[in-house]
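Listing of coords34.txt; format and content: compact mmCIF, C-alpha atoms.
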```txt
# COMPACT_ATOMS: atom_id res chain seq x y z
CA ILE A 1 154.23 102.73 151.70
CA LYS A 2 155.92 99.52 150.54
CA GLU A 3 155.03 100.16 146.89
CA SER A 4 156.29 103.76 146.92
CA ALA A 5 159.47 102.69 148.78
CA SER A 6 160.14 99.98 146.21
CA GLN A 7 159.59 102.42 143.32
CA THR A 8 161.89 104.95 144.99
CA ARG A 9 164.67 102.38 145.34
CA ASP A 10 164.36 101.44 141.67
CA VAL A 11 164.42 105.10 140.60
CA LEU A 12 167.52 105.81 142.73
CA LYS A 13 169.41 102.77 141.44
CA GLN A 14 168.56 103.52 137.82
CA HIS A 15 169.45 107.22 138.17
CA PHE A 16 172.85 106.63 139.77
CA ASN A 17 173.71 103.85 137.32
CA ASP A 18 172.90 106.23 134.47
CA LEU A 19 174.93 108.93 136.19
CA LYS A 20 177.98 106.68 136.54
CA GLY A 21 177.79 105.69 132.90
CA THR A 22 177.45 109.29 131.77
CA LEU A 23 180.32 110.51 133.97
CA GLY A 24 182.59 107.70 132.75
CA LYS A 25 181.76 108.56 129.16
CA LEU A 26 182.45 112.27 129.74
CA LEU A 27 185.81 111.52 131.41
CA ASP A 28 186.82 109.22 128.54
CA GLU A 29 185.89 111.89 126.00
CA ARG A 30 187.90 114.52 127.90
CA LEU A 31 190.93 112.21 128.08
CA VAL A 32 190.80 111.58 124.33
CA THR A 33 190.61 115.34 123.69
CA LEU A 34 193.64 116.09 125.86
CA LEU A 35 195.70 113.26 124.31
CA GLN A 36 194.87 114.63 120.87
CA GLU A 37 196.13 118.06 121.98
CA VAL A 38 199.42 116.46 123.11
CA ASP A 39 199.80 114.71 119.73
CA THR A 40 199.07 117.91 117.83
CA ILE A 41 201.57 120.04 119.80
CA GLU A 42 204.23 117.34 119.52
CA GLN A 43 203.83 117.00 115.75
CA GLU A 44 203.74 120.76 115.10
CA THR A 45 206.78 121.63 117.26
CA ILE A 46 209.05 118.64 116.56
CA LYS A 47 209.03 119.05 112.76
CA PRO A 48 211.28 122.19 112.61
CA LEU A 49 213.76 120.57 114.98
CA ASP A 50 213.78 117.38 112.90
CA ASP A 51 214.48 119.45 109.78
CA CYS A 52 217.30 121.29 111.58
CA GLN A 53 218.84 118.01 112.72
CA LYS A 54 218.77 116.62 109.18
CA LEU A 55 220.58 119.69 107.82
CA ILE A 56 223.28 119.45 110.50
CA GLU A 57 223.79 115.72 109.90
CA HIS A 58 224.01 116.36 106.15
CA GLY A 59 226.69 119.04 106.72
CA VAL A 60 228.71 116.79 109.05
CA ASN A 61 228.56 113.90 106.57
CA THR A 62 229.68 116.22 103.76
CA ALA A 63 232.63 117.47 105.85
CA GLU A 64 233.68 113.91 106.73
CA ASP A 65 233.59 112.91 103.06
CA LEU A 66 235.71 115.95 102.13
CA VAL A 67 238.30 115.17 104.83
CA ARG A 68 238.62 111.59 103.63
CA GLU A 69 239.04 112.81 100.06
CA GLY A 70 241.83 115.23 101.13
CA GLU A 71 243.66 112.47 103.01
CA ILE A 72 243.59 110.29 99.90
CA ALA A 73 244.91 113.16 97.80
CA MET A 74 247.82 113.64 100.17
CA LEU A 75 248.84 109.96 99.91
CA GLY A 76 248.99 109.86 96.12
CA GLY A 77 252.07 110.24 93.78
CA VAL A 78 253.47 113.57 92.67
CA GLY A 79 251.49 113.95 89.46
CA GLU A 80 248.49 112.16 90.75
CA GLU A 81 248.75 114.09 94.03
CA ASN A 82 248.69 117.44 92.26
CA GLU A 83 245.61 116.46 90.26
CA LYS A 84 243.78 115.15 93.34
CA LEU A 85 244.79 118.19 95.38
CA TRP A 86 243.51 120.48 92.65
CA SER A 87 240.21 118.54 92.54
CA PHE A 88 239.98 118.60 96.34
CA THR A 89 240.72 122.31 96.52
CA LYS A 90 238.12 123.11 93.87
CA LYS A 91 235.42 121.02 95.64
CA ALA A 92 236.28 122.46 99.06
CA SER A 93 235.94 126.00 97.75
CA HIS A 94 232.31 125.31 96.70
CA ILE A 95 231.20 123.74 100.01
CA GLN A 96 230.28 126.08 102.88
CA LEU A 97 231.13 124.01 105.89
CA ASP A 98 230.58 126.93 108.24
CA SER A 99 226.89 127.42 107.14
CA LEU A 100 224.50 125.84 109.70
CA PRO A 101 220.74 126.32 110.28
CA GLU A 102 219.63 128.47 113.18
CA VAL A 103 219.09 126.32 116.25
CA PRO A 104 216.30 127.60 118.59
CA LEU A 105 217.17 128.49 122.12
CA LEU A 106 216.34 125.93 124.75
CA VAL A 107 213.82 128.29 126.37
CA ASP A 108 211.97 128.47 123.04
CA VAL A 109 211.61 124.72 122.73
CA PRO A 110 208.20 123.43 123.94
CA CYS A 111 208.18 121.26 127.03
CA LEU A 112 204.77 119.62 127.42
CA SER A 113 203.12 119.00 130.78
CA ALA A 114 199.63 118.26 132.09
CA GLN A 115 197.88 120.89 134.21
CA LEU A 116 195.41 119.09 136.46
CA ASP A 117 193.40 120.77 139.18
CA ASP A 118 192.92 118.32 142.02
CA SER A 119 190.26 120.57 143.56
CA ILE A 120 187.75 119.20 141.05
CA LEU A 121 187.60 116.05 143.14
CA ASN A 122 186.40 118.04 146.14
CA ILE A 123 183.92 119.97 143.99
CA VAL A 124 182.50 116.78 142.47
CA LYS A 125 182.45 115.14 145.87
CA ASP A 126 180.45 118.01 147.36
CA HIS A 127 177.94 117.93 144.49
CA ILE A 128 177.57 114.15 144.72
CA PHE A 129 177.01 114.23 148.47
CA LYS A 130 174.28 116.85 147.98
CA HIS A 131 172.75 115.22 144.90
CA GLY A 132 169.28 113.77 145.35
CA THR A 133 166.89 113.73 148.27
CA VAL A 134 164.28 111.32 149.56
CA ALA A 135 160.96 112.93 150.45
CA SER A 136 158.46 111.18 152.68
CA ARG A 137 155.60 113.03 150.97
CA PRO A 138 155.30 115.37 147.95
CA PRO A 139 154.67 119.10 148.53
CA VAL A 140 151.55 119.13 146.34
CA GLN A 141 148.54 116.82 146.07
CA ILE A 142 145.44 116.56 143.89
CA GLU A 143 142.43 117.64 145.93
CA GLU A 144 139.52 117.39 143.50
CA LEU A 145 138.48 115.84 140.18
CA ILE A 146 135.33 117.28 138.61
CA GLU A 147 133.73 115.58 135.64
CA LYS A 148 132.78 117.63 132.60
CA PRO A 149 131.30 116.61 129.26
CA GLY A 150 134.34 115.28 127.43
CA GLY A 151 136.73 116.47 130.13
CA ILE A 152 137.80 116.45 133.77
CA ILE A 153 138.73 119.49 135.85
CA VAL A 154 141.77 118.71 138.01
CA ARG A 155 142.44 120.86 141.08
CA TRP A 156 145.50 120.58 143.30
CA CYS A 157 146.95 122.36 146.31
CA LYS A 158 150.15 122.66 148.33
CA VAL A 159 150.39 120.47 151.42
CA ASP A 160 153.80 121.79 152.50
CA ASP A 161 153.59 125.33 153.86
CA ASP A 162 157.37 125.73 153.68
CA PHE A 163 157.42 124.99 149.95
CA THR A 164 157.14 127.95 147.55
CA ALA A 165 155.95 126.73 144.17
CA GLN A 166 156.96 128.47 140.96
CA ASP A 167 155.32 126.10 138.46
CA TYR A 168 153.16 123.01 138.48
CA ARG A 169 153.25 120.06 136.11
CA LEU A 170 150.17 117.89 135.50
CA GLN A 171 150.25 114.49 133.80
CA PHE A 172 147.55 111.96 132.94
CA ARG A 173 147.09 108.60 131.32
CA LYS A 174 144.45 105.99 130.74
CA CYS A 175 144.58 103.37 133.46
CA THR A 176 145.29 100.80 130.75
CA SER A 177 148.39 102.73 129.59
CA ASN A 178 151.92 102.42 130.97
CA HIS A 179 153.05 105.96 130.20
CA PHE A 180 151.99 109.36 131.58
CA GLU A 181 151.99 112.38 129.31
CA ASP A 182 152.26 116.08 130.14
CA VAL A 183 149.03 117.99 129.77
CA TYR A 184 149.80 121.23 131.64
CA VAL A 185 152.80 123.20 132.93
CA GLY A 186 152.17 126.57 134.55
CA SER A 187 151.43 128.51 137.71
CA GLU A 188 147.69 127.77 137.97
CA THR A 189 146.31 125.23 140.46
CA GLU A 190 143.45 124.09 138.23
CA PHE A 191 143.25 122.74 134.71
CA ILE A 192 140.60 121.05 132.57
CA VAL A 193 141.85 117.99 130.72
CA LEU A 194 139.90 117.65 127.47
CA HIS A 195 139.44 114.78 125.02
CA ILE A 196 138.35 112.47 127.83
CA ASP A 197 136.39 109.45 126.66
CA PRO A 198 133.22 108.88 128.72
CA ASN A 199 133.18 106.06 131.30
CA VAL A 200 136.93 105.44 130.93
CA ASP A 201 139.20 105.60 134.00
CA TYR A 202 142.10 108.02 133.85
CA GLN A 203 144.98 108.51 136.29
CA PHE A 204 146.27 111.98 137.20
CA ARG A 205 149.36 113.15 139.09
CA VAL A 206 150.96 116.52 139.72
CA CYS A 207 154.34 117.83 140.89
CA ALA A 208 155.82 121.27 141.50
CA ARG A 209 159.03 123.19 140.92
CA GLY A 210 160.31 125.33 143.78
CA ASP A 211 160.99 129.01 143.37
CA GLY A 212 164.36 129.44 141.65
CA ARG A 213 164.87 125.69 141.24
CA GLN A 214 165.26 123.63 138.07
CA GLU A 215 164.30 120.17 139.30
CA TRP A 216 160.72 118.99 139.87
CA SER A 217 159.41 117.75 143.19
CA PRO A 218 158.25 114.16 143.75
CA TRP A 219 154.92 113.25 142.14
CA SER A 220 151.71 113.41 144.10
CA VAL A 221 149.74 110.29 144.92
CA PRO A 222 148.00 109.36 141.62
CA GLN A 223 144.24 109.91 141.59
CA ILE A 224 141.77 108.06 139.37
CA GLY A 225 138.85 109.85 137.77
CA HIS A 226 136.38 109.48 134.92
CA SER A 227 133.51 111.34 133.32
CA THR A 228 130.05 109.85 132.88
CA LEU A 229 128.85 112.89 130.92
CA VAL A 230 128.40 112.72 127.18
CA PRO A 231 130.86 115.05 125.40
CA HIS A 232 129.42 118.20 123.86
CA GLU A 233 129.52 118.09 120.05
CA TRP A 234 128.58 120.47 117.28
CA THR A 235 126.30 119.26 114.49
CA ALA A 236 128.38 117.81 111.66
CA GLY A 237 127.78 118.59 107.99
CA PHE A 238 126.50 122.13 108.50
CA GLU A 239 127.67 124.31 105.62
CA GLY A 240 129.58 127.33 106.81
CA TYR A 241 131.46 125.60 109.63
CA SER A 242 134.36 123.16 109.76
CA LEU A 243 134.62 120.85 112.77
CA SER A 244 137.50 119.12 114.53
CA SER A 245 137.75 115.33 114.63
CA ARG A 246 136.02 115.20 118.02
CA ARG A 247 133.46 117.78 116.82
CA ASN A 248 133.99 119.97 119.90
CA ILE A 249 135.69 122.78 117.93
CA ALA A 250 133.85 124.75 115.24
CA LEU A 251 135.57 127.07 112.76
CA ARG A 252 133.58 129.56 110.68
CA ASN A 253 134.83 129.05 107.14
CA ASP A 254 134.63 131.17 103.99
CA SER A 255 131.27 129.78 102.89
CA GLU A 256 128.60 132.40 102.16
CA SER A 257 126.04 130.20 103.89
CA SER A 258 124.76 131.62 107.19
CA GLY A 259 122.71 130.32 110.07
CA VAL A 260 123.04 128.95 113.58
CA LEU A 261 125.30 125.97 114.21
CA TYR A 262 123.59 123.92 116.91
CA SER A 263 124.80 121.13 119.15
CA ARG A 264 124.31 117.60 117.89
CA ALA A 265 121.94 116.89 120.78
CA PRO A 266 120.55 118.68 123.87
CA THR A 267 123.50 117.66 126.07
CA TYR A 268 123.49 120.63 128.45
CA PHE A 269 121.62 120.09 131.72
CA CYS A 270 120.71 122.64 134.36
CA GLY A 271 123.16 122.70 137.24
CA GLN A 272 126.16 122.20 134.97
CA THR A 273 128.62 124.78 133.65
CA LEU A 274 128.77 125.15 129.88
CA THR A 275 132.02 126.72 128.65
CA PHE A 276 132.91 128.24 125.28
CA ARG A 277 136.54 129.18 124.62
CA VAL A 278 137.22 131.43 121.63
CA GLU A 279 140.42 130.16 120.02
CA THR A 280 140.62 132.65 117.12
CA VAL A 281 138.53 135.61 116.02
CA GLY A 282 137.30 137.09 112.78
CA GLN A 283 135.55 140.35 111.96
CA PRO A 284 132.83 140.94 114.59
CA ASP A 285 129.19 141.58 113.76
CA ARG A 286 126.46 142.66 116.18
CA ARG A 287 124.33 139.71 114.96
CA ASP A 288 126.97 137.17 116.10
CA SER A 289 125.85 134.92 118.94
CA ILE A 290 127.05 132.26 121.38
CA GLY A 291 124.49 130.74 123.71
CA VAL A 292 121.86 128.14 124.57
CA CYS A 293 118.30 127.51 123.48
CA ALA A 294 115.34 125.32 124.33
CA GLU A 295 115.11 123.82 120.85
CA LYS A 296 116.57 124.03 117.37
CA GLN A 297 114.80 126.46 115.07
CA ASP A 298 115.86 126.62 111.45
CA GLY A 299 115.59 129.78 109.42
CA TYR A 300 117.31 132.05 111.95
CA ASP A 301 120.69 133.68 111.36
CA SER A 302 121.34 134.21 115.08
CA LEU A 303 120.39 133.05 118.58
CA GLN A 304 119.07 136.55 119.19
CA ARG A 305 115.55 135.13 119.10
CA ASP A 306 112.77 133.80 121.31
CA GLN A 307 113.47 130.80 123.58
CA ALA A 308 117.22 131.47 123.57
CA VAL A 309 119.83 133.37 125.59
CA CYS A 310 123.15 134.43 124.10
CA ILE A 311 126.03 136.88 124.07
CA SER A 312 127.14 138.72 120.94
CA THR A 313 130.80 139.20 120.05
CA ASN A 314 130.46 142.87 121.07
CA GLY A 315 129.44 141.80 124.59
CA ALA A 316 125.70 142.49 124.28
CA VAL A 317 123.46 139.97 126.09
CA PHE A 318 120.13 138.87 124.60
CA VAL A 319 117.25 137.11 126.38
CA ASN A 320 114.43 135.79 124.20
CA GLY A 321 115.53 138.18 121.44
CA LYS A 322 115.65 141.29 123.64
CA GLU A 323 118.90 143.06 124.42
CA MET A 324 119.63 143.54 128.12
CA THR A 325 120.82 146.79 129.62
CA ASN A 326 123.80 145.06 131.24
CA GLN A 327 126.60 144.19 128.87
CA LEU A 328 129.75 142.09 129.09
CA PRO A 329 133.18 142.89 127.59
CA ALA A 330 133.65 142.20 123.90
CA VAL A 331 134.74 138.68 122.99
CA THR A 332 138.38 138.46 121.95
CA SER A 333 140.87 135.70 121.14
CA GLY A 334 141.33 133.57 124.27
CA SER A 335 138.06 134.72 125.85
CA THR A 336 136.10 132.17 127.86
CA VAL A 337 132.31 132.46 128.05
CA THR A 338 130.50 130.32 130.63
CA PHE A 339 126.79 129.63 131.14
CA ASP A 340 125.50 128.45 134.53
CA ILE A 341 121.76 127.75 134.55
CA GLU A 342 119.62 126.62 137.47
CA ALA A 343 115.89 125.87 137.64
CA VAL A 344 114.01 128.39 139.79
CA THR A 345 110.33 127.47 139.43
CA LEU A 346 108.31 124.76 137.76
CA GLY A 347 104.78 125.10 136.47
CA THR A 348 102.75 128.21 135.62
CA THR A 349 104.09 131.47 137.04
CA SER A 350 101.78 133.64 139.13
CA ASN A 351 102.50 136.79 137.17
CA ASN A 352 101.90 137.89 133.59
CA GLU A 353 105.44 137.31 132.37
CA GLY A 354 104.12 134.69 129.97
CA GLY A 355 106.47 131.85 130.93
CA HIS A 356 105.83 128.44 132.44
CA PHE A 357 109.42 127.58 133.32
CA LYS A 358 111.83 129.99 134.95
CA LEU A 359 115.60 129.53 134.88
CA ARG A 360 118.29 131.55 136.66
CA VAL A 361 121.08 132.24 134.14
CA THR A 362 124.61 133.46 134.90
CA ILE A 363 126.81 134.40 131.93
CA SER A 364 130.47 135.10 132.70
CA SER A 365 133.15 136.48 130.40
CA ASN A 366 136.49 138.21 131.00
CA ASN A 367 136.03 138.31 134.81
CA ARG A 368 132.58 139.88 134.61
CA GLU A 369 129.13 138.32 134.83
CA VAL A 370 125.44 139.07 134.38
CA VAL A 371 122.62 137.26 136.22
CA PHE A 372 119.00 137.20 135.06
CA ASP A 373 115.89 135.05 134.89
CA TRP A 374 114.95 133.32 131.67
CA LEU A 375 111.33 132.36 131.02
CA LEU A 376 110.53 129.44 128.73
CA ASP A 377 107.16 128.51 127.28
CA GLN A 378 107.64 124.91 128.37
CA SER A 379 109.84 122.98 130.74
CA CYS A 380 112.78 121.11 129.32
CA GLY A 381 115.23 118.82 131.04
CA SER A 382 118.09 119.64 128.70
CA LEU A 383 119.12 122.41 126.36
CA TYR A 384 120.86 122.86 123.02
CA PHE A 385 123.80 125.20 122.58
CA GLY A 386 124.75 127.05 119.43
CA CYS A 387 126.74 129.80 117.77
CA SER A 388 126.53 132.01 114.71
CA PHE A 389 129.14 134.20 113.05
CA PHE A 390 128.73 136.26 109.92
CA TYR A 391 132.41 136.49 109.02
CA PRO A 392 135.05 133.74 108.76
CA GLY A 393 137.91 133.14 111.20
CA TRP A 394 135.96 132.54 114.42
CA LYS A 395 136.91 129.29 116.13
CA VAL A 396 135.05 128.12 119.25
CA LEU A 397 135.77 125.19 121.58
CA VAL A 398 132.89 123.92 123.73
CA PHE A 399 133.19 121.84 126.88
```

Spit out the file's structure as structure tokens when you get a sec.
Amino acid sequence: IKESASQTRDVLKQHFNDLKGTLGKLLDERLVTLLQEVDTIEQETIKPLDDCQKLIEHGVNTAEDLVREGEIAMLGGVGEENEKLWSFTKKASHIQLDSLPEVPLLVDVPCLSAQLDDSILNIVKDHIFKHGTVASRPPVQIEELIEKPGGIIVRWCKVDDDFTAQDYRLQFRKCTSNHFEDVYVGSETEFIVLHIDPNVDYQFRVCARGDGRQEWSPWSVPQIGHSTLVPHEWTAGFEGYSLSSRRNIALRNDSESSGVLYSRAPTYFCGQTLTFRVETVGQPDRRDSIGVCAEKQDGYDSLQRDQAVCISTNGAVFVNGKEMTNQLPAVTSGSTVTFDIEAVTLGTTSNNEGGHFKLRVTISSNNREVVFDWLLDQSCGSLYFGCSFFYPGWKVLVF
């Protein structure tokens, strides 16, 4: 309680300090803009009046000079007076003393003023008084962390029945890091975080956004989780497939080489869920396969063979090389195929099915599933997984 209260105080102080600085900056910028408008209007409207004033002053000065010249002519001698009067008369006839520029009416002359709406103070005051809330507990909490090979499934739920969530936001970080990073934003209440290093502690937190709201809720109480399971990896260096840096994504390339791309090691154990997510697709072929097997066997172009179970890209399911009657939907871009396998019996079976180790297999894809028993010639504590595609463009993520 003390730690969260202290963090909340710091967040509030920092937020309102930032808000004051931003508001002050915005007000200063608005003031500068309005003062510039005043300067512009003043300069544009005063210039014609200045020009008019200069013309009038020039005319008055000319008239004053002409009057003085006439007075001097009148004071001169007879001969001199006639000459000066003639010169004065000639000059006066060429000067239009009655020609003045048009002076604008007073109603047409701009008179600047500032229009300020004092109601903005009440509006800002209302928003400020309603800005921010302090919640005693967040409306959503993390309820479960499930370890996966190379990943962790995070599940969360609402704890406030009066809160209607529109979206959720999940963040994580290594416990040695100071910064959280977004890993999911959406409406689901479950997400698998991949690229998790084994035996490393990670911290997770989640928040929600109310229906029709823009702001996010307070963060949930951070939860710490880790995975002890070895990440699933495809075998590197196999011609025909390009792998990601973590070797959990395989892309069928343009190579003419064919064959099954197996896992680097038998890292799938009974009781776990093995998931394949098809990121992109190529041209399908009925010999394509995604599945698991008891051991690697070179020389095969597909997992549609003995001691293996798989699904083809057309949705057909094969058990020990035989196609089942039940079929799943065709695999498309974004499809997720999961394998759940459990041990049913150990030792020699009492019938003539020819197996010594029976497994119960559930394959799910596109909201449909098939369940069947798989008989192996020998028991095995762990299984390989694999895939095969005959045309380029197929990309598969395993976790």

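Taking atom CA of A:Phe172 as the reference point, atom CA of A:Gln203 is found at 5.5 Å.
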
Checklist outcome for this item: Counting only C-alpha atoms, closest pick from A:Gln141, A:Asn122, A:Ser364, A:Thr273 relative to A:Gln223 is A:Gln141

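One distance worth recording is that between atom CA of A:Leu376 and atom CA of A:Arg264, which is 21.2 Å.
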
Checklist entry - A:Thr89: which residues within 12 Å, counting all atoms listed in the file, same-chain residues fewer than 2 positions away excluded, as a VMD selection string? => result chain A and resid 66 to 67 69 to 70 73 to 74 81 to 87 91 to 95

Checklist entry - Separation of atom CA of A:Cys387 and atom CA of A:Tyr262, in Å? => result 6.7 Å

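Residue nearest A:Ala316 within the list A:Asp285, A:Glu256, A:Asp301, A:Glu3: A:Asp285 [criterion: smallest interatomic distance, only C-alpha atoms].
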
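Shell of A:Ser242 at 7 Å, with all atoms listed in the file counted and residues fewer than 4 places along the chain excluded, is Ala250, Leu251, Arg252 and Asn253 of chain A.
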
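With all atoms listed in the file as the atoms that count, the residue of A:Gln7, A:Gln166, A:Ser289, A:Gln115 with the shortest distance to A:Leu303 is A:Ser289.
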
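Nearest residue to A:Ile290 among A:Gln214, A:Thr336, A:Asn320, A:Ser388 is A:Ser388, counting only C-alpha atoms.
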
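Summary of the local environment: counting all atoms listed in the file, residues at most 12 Å from stretch 36-41 of chain A, other than itself and those fewer than 2 positions away along its chain, are Glu29, Arg30, Leu31, Val32, Thr33, Leu34, Gln43, Glu44, Thr45, Ile46, Lys47, Val109, Pro110, Cys111, Leu112, Ser113 and Ala114 of chain A.
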
Next on the checklist: Just want the 10 Å neighbourhood of A:Val278, counted on all atoms listed in the file, with same-chain residues fewer than 4 positions away dropped. Output as a PyMOL selection string.
Outcome noted: chain A and resi 249-250+331-337+394-398

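For the set A:Gly21, A:Pro266, A:Gly393, A:Gly315, the residue with the smallest atom-to-atom gap to A:Val292 is A:Pro266, counting only C-alpha atoms.
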
Next on the checklist: Which polymer residues, whether protein, DNA or RNA, lie within 7 Å of the coordinate (158.4, 127.6, 138.2) when you count only C-alpha atoms? List them as JSON, numbers by chain, using the chain letters and numbers from the file.
Outcome noted: {"A": [165, 166, 167, 168, 209, 210, 211]}

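For the choices A:Asn366, A:Ser6, A:Asp254, A:His179, the atom-to-atom distance to A:Arg277 is smallest for A:Asn366 when using only C-alpha atoms.
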
Next on the checklist: Taking (165.5, 106.4, 147.0) in the coordinates of the supplied file, I want to know which residues reach to within 12 Å of it, counting all atoms listed in the file; could you give the answer as a VMD selection string?
Outcome noted: chain A and resid 4 to 16 131 to 136 218

Next on the checklist: Using only C-alpha atoms, which protein or nucleic acid residues come within 10 Å of A:Asp182? Drop anything in the same chain fewer than 3 positions from it, and give the result as a VMD selection string.
Outcome noted: chain A and resid 169 to 173 185 205 to 206
